[in-house]
Amino acid sequence: MDSIIINKTADFVQETLKNAEGGHDWWHIHRVWKNAKLIAETEQADMLVVELAALLHDIADSKFNGGNEEIGPSIAGDFLRSMGVTEPVTEHVQQIIRHISFKSGFEKSNFRSMELDIVQDADRLDAIGAIGIARAFSYGGFKGREIYNPEIKPNLNMTKEEYQNSAAPTINHFYEKLLLLKDKMNTETGKKLAGQRNSFMESYLKQFYSEC
């Protein structure tokens, strides 16, 4: 029964995100789903929660929905209940969606779970390394941002509101978020994979500046 629910959830997500921005499309979800399952191999976790949360974590990203941070959990909850998923599993998935993002770290939270740790690590892995670089520039282009402007320095002490409203060049995003993720990983597998990807980003930036 779990496999049927997971497969139907994957179909729902793929259809819902078929026209999404390239960095937040079905293939982003697919990579996070695969990495979440990989990380979960070395952790004790509820795999149904892990897989459903990985699949639904960006079903309605707030930055594409006027900053509404409840639309994602709401859509996910309605879908899971329509599939007959139990209320504890549904609510756990909704909580993971609420707390997975980088910007959620600007606020104190009492919610923690191993399933959140796993899916959050999987999502963060897709924000760094070669794929993370591609996603950053894809989103920057989508928002019409500059690639690089040496006169605009990274803001390393942003509030949540400043982070949400930032229109800074994409290169700044490396210092304001991407290079910070390595030290924010939750699991040992996540930390190992993040270290490799972080080294690649550092090499990329060195080459970028040499070309500039």
# chains A, B, ... in the order shown; residues from 1 in each chain; ligands from 1
>>> residues_around(residues="A:Ile100", least_positions_apart="6", cutoff="8 Å", atoms="only C-alpha atoms", output="list of chain:residue names")
A:His57, A:Leu116, A:Val119, A:Gln120
>>> write_last_selection(atoms="C-alpha atoms", output="PDB file, in the first residue's frame")
ATOM      1  CA  HIS A  57       8.429  19.550  -0.090  1.00  0.00           C
ATOM      2  CA  LEU A 116      13.033  16.263   8.706  1.00  0.00           C
ATOM      3  CA  VAL A 119      14.797  15.377   3.780  1.00  0.00           C
ATOM      4  CA  GLN A 120      16.377  18.708   4.700  1.00  0.00           C
TER       5      GLN A 120
END
>>> select_by_dssp(residues="chain A", states="helix (DSSP H, G or I)", output="PyMOL selection string")
chain A and resi 2-16+22-24+26-40+47-56+62-64+71-82+87-99+102-106+114-125+129-142+160-165+170-176+178-184+188-211
>>> closest_atom_pairs(of="stretch 25-130 of chain A", to="stretch 187-201 of chain A", cutoff="12 Å", atoms="only C-alpha atoms", output="JSON lines")
{"residue": "A:Val32", "atom": "CA", "partner": "A:Gly190", "partner_atom": "CA", "distance": 11.9}
{"residue": "A:Asn35", "atom": "CA", "partner": "A:Gly190", "partner_atom": "CA", "distance": 9.0}
{"residue": "A:Ala36", "atom": "CA", "partner": "A:Gly190", "partner_atom": "CA", "distance": 9.4}
{"residue": "A:Lys37", "atom": "CA", "partner": "A:Thr189", "partner_atom": "CA", "distance": 11.3}
{"residue": "A:Leu38", "atom": "CA", "partner": "A:Thr189", "partner_atom": "CA", "distance": 8.5}
{"residue": "A:Ile39", "atom": "CA", "partner": "A:Thr189", "partner_atom": "CA", "distance": 5.9}
{"residue": "A:Ala40", "atom": "CA", "partner": "A:Thr189", "partner_atom": "CA", "distance": 8.9}
{"residue": "A:Glu41", "atom": "CA", "partner": "A:Thr189", "partner_atom": "CA", "distance": 9.3}
{"residue": "A:Thr42", "atom": "CA", "partner": "A:Thr189", "partner_atom": "CA", "distance": 7.5}
{"residue": "A:Glu43", "atom": "CA", "partner": "A:Thr187", "partner_atom": "CA", "distance": 8.2}
{"residue": "A:Gln44", "atom": "CA", "partner": "A:Thr187", "partner_atom": "CA", "distance": 11.2}
{"residue": "A:Ser113", "atom": "CA", "partner": "A:Thr187", "partner_atom": "CA", "distance": 11.8}
{"residue": "A:Met114", "atom": "CA", "partner": "A:Thr187", "partner_atom": "CA", "distance": 9.0}
{"residue": "A:Glu115", "atom": "CA", "partner": "A:Thr187", "partner_atom": "CA", "distance": 10.7}
{"residue": "A:Leu116", "atom": "CA", "partner": "A:Thr187", "partner_atom": "CA", "distance": 10.7}
{"residue": "A:Asp117", "atom": "CA", "partner": "A:Thr187", "partner_atom": "CA", "distance": 7.0}
{"residue": "A:Ile118", "atom": "CA", "partner": "A:Thr187", "partner_atom": "CA", "distance": 6.9}
{"residue": "A:Val119", "atom": "CA", "partner": "A:Gly190", "partner_atom": "CA", "distance": 10.0}
{"residue": "A:Gln120", "atom": "CA", "partner": "A:Gly190", "partner_atom": "CA", "distance": 9.4}
{"residue": "A:Asp121", "atom": "CA", "partner": "A:Gly190", "partner_atom": "CA", "distance": 5.7}
{"residue": "A:Ala122", "atom": "CA", "partner": "A:Gly190", "partner_atom": "CA", "distance": 7.2}
{"residue": "A:Asp123", "atom": "CA", "partner": "A:Gly190", "partner_atom": "CA", "distance": 10.1}
{"residue": "A:Arg124", "atom": "CA", "partner": "A:Ala194", "partner_atom": "CA", "distance": 8.3}
{"residue": "A:Leu125", "atom": "CA", "partner": "A:Ala194", "partner_atom": "CA", "distance": 6.1}
{"residue": "A:Asp126", "atom": "CA", "partner": "A:Ala194", "partner_atom": "CA", "distance": 9.5}
{"residue": "A:Ala127", "atom": "CA", "partner": "A:Arg197", "partner_atom": "CA", "distance": 9.5}
{"residue": "A:Ile128", "atom": "CA", "partner": "A:Arg197", "partner_atom": "CA", "distance": 6.0}
{"residue": "A:Gly129", "atom": "CA", "partner": "A:Arg197", "partner_atom": "CA", "distance": 4.0}
{"residue": "A:Ala130", "atom": "CA", "partner": "A:Phe200", "partner_atom": "CA", "distance": 7.1}
>>> residues_around(residues="stretch 145-148 of chain A", least_positions_apart="4", cutoff="7 Å", atoms="only C-alpha atoms", output="JSON, numbers by chain")
{"A": [140, 141, 167, 168, 169, 170, 171]}
>>> closest_residue(among="A:Met83, A:Leu178, A:Ile75, A:Ile5", to="A:Ile131", atoms="only C-alpha atoms")
A:Leu178
>>> atom_distance(atom1="atom CA of A:Lys184", atom2="atom CA of A:Arg112")
14.2 Å
>>> closest_residue(among="A:Ile152, A:Leu52, A:Ile29, A:Ile71", to="A:Ile4", atoms="only C-alpha atoms")
A:Leu52
>>> closest_residue(among="A:Pro73, A:Gly132, A:Gly144, A:Gly22", to="A:Gln94", atoms="only C-alpha atoms")
A:Pro73
>>> residues_around(residues="A:Val13", least_positions_apart="3", cutoff="9 Å", atoms="only C-alpha atoms", output="list of chain:residue names")
A:Lys8, A:Thr9, A:Ala10, A:Thr16, A:Leu17, A:Lys18, A:Trp26, A:Ile29, A:Leu55, A:Leu56, A:Asp58, A:Ile59
>>> closest_residue(among="A:Asn149, A:Asn172, A:Asn186, A:Thr90", to="A:Asp78", atoms="only C-alpha atoms")
A:Thr90
